[in-house]
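Engineer: As input, take data_4.pdb (PDB, C-alpha atoms and all ligand atoms):
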```pdb
ATOM      1  CA  MET A   1       0.000   0.000   0.000  1.00  0.00           C
ATOM      2  CA  ASN A   2       1.293   3.405  -0.945  1.00  0.00           C
ATOM      3  CA  ILE A   3       1.118   6.064   1.712  1.00  0.00           C
ATOM      4  CA  THR A   4       1.575   9.504   0.315  1.00  0.00           C
ATOM      5  CA  ARG A   5       3.391  12.169   2.306  1.00  0.00           C
ATOM      6  CA  ARG A   6       0.137  14.154   2.538  1.00  0.00           C
ATOM      7  CA  GLY A   7      -1.801  11.147   3.873  1.00  0.00           C
ATOM      8  CA  PHE A   8       0.922  10.419   6.380  1.00  0.00           C
ATOM      9  CA  LEU A   9       0.853  13.995   7.708  1.00  0.00           C
ATOM     10  CA  GLN A  10      -2.949  13.985   8.043  1.00  0.00           C
ATOM     11  CA  GLY A  11      -2.800  10.748  10.013  1.00  0.00           C
ATOM     12  CA  ALA A  12      -0.059  12.060  12.253  1.00  0.00           C
ATOM     13  CA  ILE A  13      -2.012  15.259  12.987  1.00  0.00           C
ATOM     14  CA  GLY A  14      -5.143  13.219  13.766  1.00  0.00           C
ATOM     15  CA  LEU A  15      -3.245  10.974  16.190  1.00  0.00           C
ATOM     16  CA  ALA A  16      -1.659  13.948  17.899  1.00  0.00           C
ATOM     17  CA  GLY A  17      -5.092  15.559  18.266  1.00  0.00           C
ATOM     18  CA  ALA A  18      -6.562  12.410  19.757  1.00  0.00           C
ATOM     19  CA  GLY A  19      -3.678  12.161  22.180  1.00  0.00           C
ATOM     20  CA  MET A  20      -4.140  15.759  23.304  1.00  0.00           C
ATOM     21  CA  THR A  21      -7.876  15.265  23.795  1.00  0.00           C
ATOM     22  CA  GLY A  22      -7.255  12.264  25.970  1.00  0.00           C
ATOM     23  CA  ALA A  23      -4.616  14.048  27.957  1.00  0.00           C
ATOM     24  CA  LEU A  24      -6.874  17.035  28.768  1.00  0.00           C
ATOM     25  CA  THR A  25      -9.052  16.089  31.696  1.00  0.00           C
ATOM     26  CA  VAL A  26     -12.438  17.747  32.206  1.00  0.00           C
ATOM     27  CA  PRO A  27     -11.138  20.110  34.908  1.00  0.00           C
ATOM     28  CA  ALA A  28      -8.298  21.135  32.628  1.00  0.00           C
ATOM     29  CA  LEU A  29     -10.742  21.853  29.811  1.00  0.00           C
ATOM     30  CA  LYS A  30     -12.832  23.998  32.139  1.00  0.00           C
ATOM     31  CA  THR A  31      -9.850  26.217  32.847  1.00  0.00           C
ATOM     32  CA  LEU A  32      -9.599  26.888  29.113  1.00  0.00           C
ATOM     33  CA  LEU A  33     -13.221  27.999  28.842  1.00  0.00           C
ATOM     34  CA  PRO A  34     -14.059  31.636  29.474  1.00  0.00           C
ATOM     35  CA  PRO A  35     -16.182  32.210  32.616  1.00  0.00           C
ATOM     36  CA  PRO A  36     -19.952  32.517  31.968  1.00  0.00           C
ATOM     37  CA  ILE A  37     -21.020  36.071  31.226  1.00  0.00           C
ATOM     38  CA  THR A  38     -23.256  37.353  34.025  1.00  0.00           C
ATOM     39  CA  ARG A  39     -24.819  40.754  34.407  1.00  0.00           C
ATOM     40  CA  CYS A  40     -26.132  40.284  37.913  1.00  0.00           C
ATOM     41  CA  ASN A  41     -24.019  41.035  40.949  1.00  0.00           C
ATOM     42  CA  SER A  42     -24.143  37.871  43.056  1.00  0.00           C
ATOM     43  CA  ASP A  43     -23.708  40.024  46.187  1.00  0.00           C
ATOM     44  CA  ASP A  44     -27.129  41.518  45.479  1.00  0.00           C
ATOM     45  CA  ALA A  45     -28.903  38.169  45.095  1.00  0.00           C
ATOM     46  CA  HIS A  46     -31.549  37.372  47.713  1.00  0.00           C
ATOM     47  CA  GLU A  47     -34.334  34.844  48.008  1.00  0.00           C
ATOM     48  CA  THR A  48     -36.102  37.025  50.544  1.00  0.00           C
ATOM     49  CA  LEU A  49     -39.187  39.034  49.697  1.00  0.00           C
ATOM     50  CA  THR A  50     -37.981  42.528  50.556  1.00  0.00           C
ATOM     51  CA  TYR A  51     -40.304  45.516  50.692  1.00  0.00           C
ATOM     52  CA  LYS A  52     -39.918  47.926  47.824  1.00  0.00           C
ATOM     53  CA  LYS A  53     -39.319  51.515  48.950  1.00  0.00           C
ATOM     54  CA  GLU A  54     -42.592  53.212  48.054  1.00  0.00           C
ATOM     55  CA  GLU A  55     -43.876  56.492  49.407  1.00  0.00           C
ATOM     56  CA  GLY A  56     -47.459  56.674  50.570  1.00  0.00           C
ATOM     57  CA  LYS A  57     -47.913  52.923  50.967  1.00  0.00           C
ATOM     58  CA  TRP A  58     -48.642  51.175  54.260  1.00  0.00           C
ATOM     59  CA  TYR A  59     -45.193  49.568  54.095  1.00  0.00           C
ATOM     60  CA  GLU A  60     -43.376  52.848  53.367  1.00  0.00           C
ATOM     61  CA  ASP A  61     -41.421  52.695  56.640  1.00  0.00           C
ATOM     62  CA  LYS A  62     -40.410  49.093  55.978  1.00  0.00           C
ATOM     63  CA  GLY A  63     -38.763  49.723  52.607  1.00  0.00           C
ATOM     64  CA  GLY A  64     -35.681  47.509  52.271  1.00  0.00           C
ATOM     65  CA  ASN A  65     -36.757  45.175  55.111  1.00  0.00           C
ATOM     66  CA  ILE A  66     -37.625  41.523  54.674  1.00  0.00           C
ATOM     67  CA  ALA A  67     -41.387  40.972  54.673  1.00  0.00           C
ATOM     68  CA  GLN A  68     -42.905  39.124  57.612  1.00  0.00           C
ATOM     69  CA  LYS A  69     -46.392  37.688  57.748  1.00  0.00           C
ATOM     70  CA  GLU A  70     -47.046  39.505  61.037  1.00  0.00           C
ATOM     71  CA  ASP A  71     -46.782  42.835  59.196  1.00  0.00           C
ATOM     72  CA  PHE A  72     -49.975  42.194  57.218  1.00  0.00           C
ATOM     73  CA  LYS A  73     -53.654  42.684  57.903  1.00  0.00           C
ATOM     74  CA  LEU A  74     -56.200  40.867  55.744  1.00  0.00           C
ATOM     75  CA  TRP A  75     -56.099  42.265  52.184  1.00  0.00           C
ATOM     76  CA  ASP A  76     -52.910  44.204  52.744  1.00  0.00           C
ATOM     77  CA  VAL A  77     -50.851  43.969  49.561  1.00  0.00           C
ATOM     78  CA  ALA A  78     -47.185  45.023  49.288  1.00  0.00           C
ATOM     79  CA  ILE A  79     -44.793  45.167  46.371  1.00  0.00           C
ATOM     80  CA  VAL A  80     -41.645  43.234  47.228  1.00  0.00           C
ATOM     81  CA  ASN A  81     -38.336  42.754  45.465  1.00  0.00           C
ATOM     82  CA  TRP A  82     -37.145  39.234  44.749  1.00  0.00           C
ATOM     83  CA  ALA A  83     -33.683  38.451  43.374  1.00  0.00           C
ATOM     84  CA  PRO A  84     -32.732  34.787  43.784  1.00  0.00           C
ATOM     85  CA  LYS A  85     -29.600  33.852  41.849  1.00  0.00           C
ATOM     86  CA  GLU A  86     -31.614  31.403  39.718  1.00  0.00           C
ATOM     87  CA  LEU A  87     -33.551  34.306  38.179  1.00  0.00           C
ATOM     88  CA  GLU A  88     -30.778  35.317  35.818  1.00  0.00           C
ATOM     89  CA  GLU A  89     -30.191  31.801  34.578  1.00  0.00           C
ATOM     90  CA  GLU A  90     -33.881  30.970  34.132  1.00  0.00           C
ATOM     91  CA  LEU A  91     -35.481  34.305  33.256  1.00  0.00           C
ATOM     92  CA  GLY A  92     -32.616  36.599  32.320  1.00  0.00           C
ATOM     93  CA  SER A  93     -33.528  39.090  35.054  1.00  0.00           C
ATOM     94  CA  CYS A  94     -31.500  40.115  38.090  1.00  0.00           C
ATOM     95  CA  GLU A  95     -34.549  41.129  40.137  1.00  0.00           C
ATOM     96  CA  ILE A  96     -38.305  41.213  39.746  1.00  0.00           C
ATOM     97  CA  GLN A  97     -41.159  42.605  41.837  1.00  0.00           C
ATOM     98  CA  LEU A  98     -44.070  40.558  43.142  1.00  0.00           C
ATOM     99  CA  ALA A  99     -47.299  41.472  44.888  1.00  0.00           C
ATOM    100  CA  LEU A 100     -47.320  39.876  48.344  1.00  0.00           C
ATOM    101  CA  ALA A 101     -50.758  39.693  49.938  1.00  0.00           C
ATOM    102  CA  LYS A 102     -52.623  38.379  52.951  1.00  0.00           C
ATOM    103  CA  VAL A 103     -55.860  36.935  51.614  1.00  0.00           C
ATOM    104  CA  PRO A 104     -58.668  34.695  52.895  1.00  0.00           C
ATOM    105  CA  SER A 105     -57.757  31.041  52.593  1.00  0.00           C
ATOM    106  CA  GLU A 106     -59.314  29.202  49.652  1.00  0.00           C
ATOM    107  CA  SER A 107     -58.907  25.717  48.225  1.00  0.00           C
ATOM    108  CA  GLY A 108     -56.340  25.677  45.442  1.00  0.00           C
ATOM    109  CA  MET A 109     -53.827  27.685  47.461  1.00  0.00           C
ATOM    110  CA  GLU A 110     -52.372  24.678  49.297  1.00  0.00           C
ATOM    111  CA  GLY A 111     -48.640  24.334  48.846  1.00  0.00           C
ATOM    112  CA  LEU A 112     -48.330  27.740  47.210  1.00  0.00           C
ATOM    113  CA  GLY A 113     -48.675  30.149  50.119  1.00  0.00           C
ATOM    114  CA  ILE A 114     -48.275  30.174  53.899  1.00  0.00           C
ATOM    115  CA  SER A 115     -51.299  29.319  55.981  1.00  0.00           C
ATOM    116  CA  ILE A 116     -51.889  31.693  58.918  1.00  0.00           C
ATOM    117  CA  ASP A 117     -54.607  32.714  61.394  1.00  0.00           C
ATOM    118  CA  ASP A 118     -55.523  29.087  62.173  1.00  0.00           C
ATOM    119  CA  GLY A 119     -55.920  28.306  58.490  1.00  0.00           C
ATOM    120  CA  ASN A 120     -58.303  31.172  57.799  1.00  0.00           C
ATOM    121  CA  ALA A 121     -55.838  33.258  55.815  1.00  0.00           C
ATOM    122  CA  MET A 122     -52.903  32.784  53.477  1.00  0.00           C
ATOM    123  CA  MET A 123     -49.845  34.754  52.506  1.00  0.00           C
ATOM    124  CA  MET A 124     -49.630  34.572  48.712  1.00  0.00           C
ATOM    125  CA  ALA A 125     -47.330  36.093  46.068  1.00  0.00           C
ATOM    126  CA  TYR A 126     -48.545  37.022  42.578  1.00  0.00           C
ATOM    127  CA  HIS A 127     -46.467  37.726  39.491  1.00  0.00           C
ATOM    128  CA  THR A 128     -47.589  41.300  38.878  1.00  0.00           C
ATOM    129  CA  TYR A 129     -44.236  42.035  37.257  1.00  0.00           C
ATOM    130  CA  LYS A 130     -45.649  41.136  33.843  1.00  0.00           C
ATOM    131  CA  CYS A 131     -49.190  40.540  32.607  1.00  0.00           C
ATOM    132  CA  PRO A 132     -49.524  37.398  30.464  1.00  0.00           C
ATOM    133  CA  HIS A 133     -51.108  39.524  27.727  1.00  0.00           C
ATOM    134  CA  LEU A 134     -48.610  42.186  26.627  1.00  0.00           C
ATOM    135  CA  CYS A 135     -46.411  42.455  29.706  1.00  0.00           C
ATOM    136  CA  CYS A 136     -47.826  45.469  31.595  1.00  0.00           C
ATOM    137  CA  LYS A 137     -47.940  45.439  35.391  1.00  0.00           C
ATOM    138  CA  PRO A 138     -51.313  44.464  36.920  1.00  0.00           C
ATOM    139  CA  VAL A 139     -52.222  46.450  40.036  1.00  0.00           C
ATOM    140  CA  PHE A 140     -54.158  45.339  43.097  1.00  0.00           C
ATOM    141  CA  THR A 141     -57.441  47.241  43.075  1.00  0.00           C
ATOM    142  CA  PRO A 142     -59.588  47.073  46.260  1.00  0.00           C
ATOM    143  CA  GLN A 143     -62.773  48.081  44.474  1.00  0.00           C
ATOM    144  CA  GLY A 144     -64.013  49.497  41.211  1.00  0.00           C
ATOM    145  CA  LYS A 145     -66.338  49.063  38.257  1.00  0.00           C
ATOM    146  CA  SER A 146     -65.292  47.077  35.212  1.00  0.00           C
ATOM    147  CA  THR A 147     -65.398  49.043  31.982  1.00  0.00           C
ATOM    148  CA  ILE A 148     -65.638  45.739  30.104  1.00  0.00           C
ATOM    149  CA  SER A 149     -68.558  44.062  31.879  1.00  0.00           C
ATOM    150  CA  GLY A 150     -69.905  47.047  33.824  1.00  0.00           C
ATOM    151  CA  ASN A 151     -69.865  44.949  37.005  1.00  0.00           C
ATOM    152  CA  ASN A 152     -68.659  46.254  40.348  1.00  0.00           C
ATOM    153  CA  PHE A 153     -65.739  44.324  41.757  1.00  0.00           C
ATOM    154  CA  GLU A 154     -63.656  44.050  44.920  1.00  0.00           C
ATOM    155  CA  ASN A 155     -60.096  42.916  45.574  1.00  0.00           C
ATOM    156  CA  MET A 156     -58.854  42.101  42.079  1.00  0.00           C
ATOM    157  CA  PHE A 157     -55.646  42.511  40.129  1.00  0.00           C
ATOM    158  CA  LEU A 158     -56.388  44.805  37.205  1.00  0.00           C
ATOM    159  CA  CYS A 159     -54.042  45.340  34.286  1.00  0.00           C
ATOM    160  CA  PRO A 160     -53.976  49.049  33.351  1.00  0.00           C
ATOM    161  CA  CYS A 161     -53.172  48.448  29.677  1.00  0.00           C
ATOM    162  CA  HIS A 162     -56.117  46.390  28.393  1.00  0.00           C
ATOM    163  CA  LEU A 163     -58.047  45.833  31.626  1.00  0.00           C
ATOM    164  CA  SER A 164     -57.594  42.115  32.104  1.00  0.00           C
ATOM    165  CA  MET A 165     -58.890  41.228  35.562  1.00  0.00           C
ATOM    166  CA  PHE A 166     -57.497  38.442  37.745  1.00  0.00           C
ATOM    167  CA  ASP A 167     -59.040  36.978  40.896  1.00  0.00           C
ATOM    168  CA  PRO A 168     -56.416  36.432  43.639  1.00  0.00           C
ATOM    169  CA  LEU A 169     -58.692  33.996  45.500  1.00  0.00           C
ATOM    170  CA  ASP A 170     -59.369  31.651  42.592  1.00  0.00           C
ATOM    171  CA  ILE A 171     -56.142  29.765  41.952  1.00  0.00           C
ATOM    172  CA  ILE A 172     -56.462  27.354  39.052  1.00  0.00           C
ATOM    173  CA  LYS A 173     -54.265  25.377  36.705  1.00  0.00           C
ATOM    174  CA  ASN A 174     -53.883  27.062  33.313  1.00  0.00           C
ATOM    175  CA  VAL A 175     -51.892  25.995  30.271  1.00  0.00           C
ATOM    176  CA  ASP A 176     -49.569  28.661  28.904  1.00  0.00           C
ATOM    177  CA  GLU A 177     -48.749  29.327  25.249  1.00  0.00           C
ATOM    178  CA  GLN A 178     -45.866  26.848  25.404  1.00  0.00           C
ATOM    179  CA  GLY A 179     -48.157  24.092  26.698  1.00  0.00           C
ATOM    180  CA  ARG A 180     -46.809  24.267  30.271  1.00  0.00           C
ATOM    181  CA  ASP A 181     -49.076  23.933  33.297  1.00  0.00           C
ATOM    182  CA  VAL A 182     -49.183  27.161  35.293  1.00  0.00           C
ATOM    183  CA  MET A 183     -50.887  27.819  38.630  1.00  0.00           C
ATOM    184  CA  ALA A 184     -52.483  31.219  38.308  1.00  0.00           C
ATOM    185  CA  ALA A 185     -55.043  33.679  39.664  1.00  0.00           C
ATOM    186  CA  LYS A 186     -58.016  33.101  37.368  1.00  0.00           C
ATOM    187  CA  LEU A 187     -58.594  35.457  34.461  1.00  0.00           C
ATOM    188  CA  LEU A 188     -62.126  36.877  34.853  1.00  0.00           C
ATOM    189  CA  GLU A 189     -62.253  39.163  31.834  1.00  0.00           C
ATOM    190  CA  GLY A 190     -60.035  40.917  29.341  1.00  0.00           C
ATOM    191  CA  PRO A 191     -57.673  39.822  26.572  1.00  0.00           C
ATOM    192  CA  ALA A 192     -54.978  38.026  28.618  1.00  0.00           C
ATOM    193  CA  PRO A 193     -54.570  34.450  27.354  1.00  0.00           C
ATOM    194  CA  TYR A 194     -54.647  32.958  30.871  1.00  0.00           C
ATOM    195  CA  GLY A 195     -54.389  33.888  34.540  1.00  0.00           C
ATOM    196  CA  LEU A 196     -51.787  35.737  36.564  1.00  0.00           C
ATOM    197  CA  PRO A 197     -49.162  33.225  37.751  1.00  0.00           C
ATOM    198  CA  VAL A 198     -48.427  32.842  41.441  1.00  0.00           C
ATOM    199  CA  VAL A 199     -44.963  32.412  42.933  1.00  0.00           C
ATOM    200  CA  PRO A 200     -44.748  29.751  45.673  1.00  0.00           C
ATOM    201  CA  ILE A 201     -43.401  31.205  48.910  1.00  0.00           C
ATOM    202  CA  GLY A 202     -41.921  29.928  52.156  1.00  0.00           C
ATOM    203  CA  GLU A 203     -40.556  31.194  55.442  1.00  0.00           C
ATOM    204  CA  LYS A 204     -36.981  31.290  56.681  1.00  0.00           C
ATOM    205  CA  ASP A 205     -35.667  32.762  59.934  1.00  0.00           C
ATOM    206  CA  GLY A 206     -38.967  34.573  60.443  1.00  0.00           C
ATOM    207  CA  GLY A 207     -38.918  36.239  57.017  1.00  0.00           C
ATOM    208  CA  LEU A 208     -40.756  35.409  53.815  1.00  0.00           C
ATOM    209  CA  ILE A 209     -38.885  34.004  50.829  1.00  0.00           C
ATOM    210  CA  GLY A 210     -39.865  33.165  47.269  1.00  0.00           C
ATOM    211  CA  LEU A 211     -39.278  29.594  46.113  1.00  0.00           C
ATOM    212  CA  THR A 212     -37.619  28.961  42.755  1.00  0.00           C
ATOM    213  CA  THR A 213     -39.379  25.631  42.215  1.00  0.00           C
ATOM    214  CA  HIS A 214     -41.636  26.966  39.450  1.00  0.00           C
ATOM    215  CA  LEU A 215     -39.791  29.653  37.557  1.00  0.00           C
ATOM    216  CA  ASP A 216     -41.184  27.988  34.438  1.00  0.00           C
ATOM    217  CA  TRP A 217     -44.550  29.537  35.348  1.00  0.00           C
ATOM    218  CA  LEU A 218     -42.990  32.954  34.709  1.00  0.00           C
ATOM    219  CA  LYS A 219     -41.468  32.245  31.298  1.00  0.00           C
ATOM    220  CA  TYR A 220     -43.297  34.662  29.069  1.00  0.00           C
ATOM    221  CA  CYS A 221     -42.996  38.265  27.897  1.00  0.00           C
ATOM    222  CA  GLY A 222     -39.374  37.777  26.992  1.00  0.00           C
ATOM    223  CA  GLN A 223     -38.455  36.093  30.265  1.00  0.00           C
ATOM    224  CA  GLY A 224     -36.810  32.705  30.002  1.00  0.00           C
TER     225      GLY A 224
HETATM  226  S1  LIG B   1     -51.014  43.888  28.924  1.00  0.00           S
HETATM  227 FE1  LIG B   1     -52.352  43.301  30.476  1.00  0.00          FE
HETATM  228  S2  LIG B   1     -54.285  43.213  29.525  1.00  0.00           S
HETATM  229 FE2  LIG B   1     -52.908  43.750  27.955  1.00  0.00          FE
END
```
Mind converting the file's structure to structure tokens?
Ligand code: FES

Structural biologist:
Amino acid sequence: MNITRRGFLQGAIGLAGAGMTGALTVPALKTLLPPPITRCNSDDAHETLTYKKEEGKWYEDKGGNIAQKEDFKLWDVAIVNWAPKELEEELGSCEIQLALAKVPSESGMEGLGISIDDGNAMMMAYHTYKCPHLCCKPVFTPQGKSTISGNNFENMFLCPCHLSMFDPLDIIKNVDEQGRDVMAAKLLEGPAPYGLPVVPIGEKDGGLIGLTTHLDWLKYCGQG
């Protein structure tokens, strides 16, 4: 068999390459890779639900503090900052805001909020950072009159952009546009495709934290 000089060189290069690959262990390869690009400052990450600094709100004096269930009366709602380190990886955000509320306990909330007042009330967090329609920020509205149905309402999340209305007491399973199951405050009216997702919460060292178990429920409007 004739082996040309060119063929010999190609074979030699291939063998050398294979030898190098075998010699480089996985840790060694990792040192050759550039570090992942991150925008978020890991020192700022927090799983706690921390009151947003907002003038004129009942939690104005608590701005920057970690929310505690004892702070709330029934139907108190506070905007809290949430910045777990998983947010950047899963949603591409460093921090988002949620609406944290003390609401009457209803079936469907089990495992999502924190039961208080001998089971009569729940602490719940709602993803008011982005409406499932076109990404505006729904606002808790104690009472009003719907301009869509003309009905009076109490204690709803209302989206200011196209008036989708979500019921914080009616937590149901929806299917999002990607076919994922999402636990959400039921859409009562308006153009949103489904309800307002909830964020499961827990308690740690006396403060409230958001759980990252269902970040997939928040993957819409350019997040995730
Ligand atoms: S963005 Fe919320 S109803 Fe359109």

Engineer: Please enumerate the residues selected by the PyMOL selection byres (((not hetatm)) within 10 of (chain B and resi 1)) when evaluated against the supplied file, formatted as JSON, numbers by chain.

Structural biologist: {"A": [128, 130, 131, 132, 133, 134, 135, 136, 137, 138, 158, 159, 160, 161, 162, 163, 164, 165, 189, 190, 191, 192, 193, 196, 221]}

Engineer: The PyMOL selection byres (((chain A and resi 210) around 10) and not hetatm) - which residues does that actually catch in the file I just gave you? List them as a list in words.

Structural biologist: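 Applying the PyMOL selection byres (((chain A and resi 210) around 10) and not hetatm) to the structure shown produces His46, Glu47, Thr48, Leu49, Asn81, Trp82, Ala83, Pro84, Leu98, Gly113, Met124, Ala125, Val199, Pro200, Ile201, Gly202, Glu203, Leu208, Ile209, Leu211, Thr212 and Thr213 of chain A.
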
Engineer: Which of these residues is nearest to Gly111 in chain A, using all atoms listed in the file: A:Asn65, A:Ile171, A:Lys219, A:Gly224?

Structural biologist: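 With all atoms listed in the file as the atom set, the closest residue is A:Ile171.
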
Engineer: Find the residue from A:Val103, A:Leu91, A:Ile96, A:Leu169 that sits nearest to Trp217 in chain A; use all atoms listed in the file when measuring.

Structural biologist: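 Smallest distance to Trp217 in chain A is found for A:Leu91.
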
Engineer: Which residue, A:Lys145, A:Ala184, A:Tyr51, A:Leu74, has the smallest gap to Ala99 in chain A when you use all atoms listed in the file?

Structural biologist: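 Residue with the minimum atom-to-atom distance to Ala99 in chain A: A:Tyr51.
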
Engineer: Enter the distance from CA of Tyr194 in chain A to CA of Ser146 in chain A, in Å, rounded to one decimal.

Structural biologist: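 Between CA of Tyr194 in chain A and CA of Ser146 in chain A the gap is 18.2 Å.
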
Engineer: Could you list the residues chosen by the PyMOL selection byres (((chain A and resi 78) around 7) and not hetatm) in this structure as a list in words?

Structural biologist: Tyr59, Asp76, Val77, Ile79, Val80, Ala99, Leu100 and Ala101 of chain A

Engineer: In Å to one decimal, how far is CA of His127 in chain A from CA of Asp43 in chain A?

Structural biologist: 23.8 Å

Engineer: Smallest atom-to-atom distance to Ile114 in chain A: which of A:Gln68, A:Asn41, A:Gln143, A:Gln178, using all atoms listed in the file?

Structural biologist: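 Comparing A:Gln68, A:Asn41, A:Gln143, A:Gln178 against Ile114 in chain A, the winner is A:Gln68.
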
Engineer: Tell me, as a list in words, which residues lie within 12 Å of Asp61 in chain A, counting all atoms listed in the file; anything in the same chain fewer than 6 positions away does not count.

Structural biologist: Tyr51, Lys52, Lys53, Glu54, Glu55, Ala67 and Asp71 of chain A

Engineer: Of the candidates A:Met183, A:Met109, A:Cys40, A:Met156, which shows the shortest atom-to-atom distance to Leu87 in chain A, using all atoms listed in the file?

Structural biologist: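 Smallest distance to Leu87 in chain A is found for A:Cys40.
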
Engineer: May I ask for the distance between CA of Glu90 in chain A and CA of Gly222 in chain A, given in Å to one decimal place?

Structural biologist: 11.3 Å
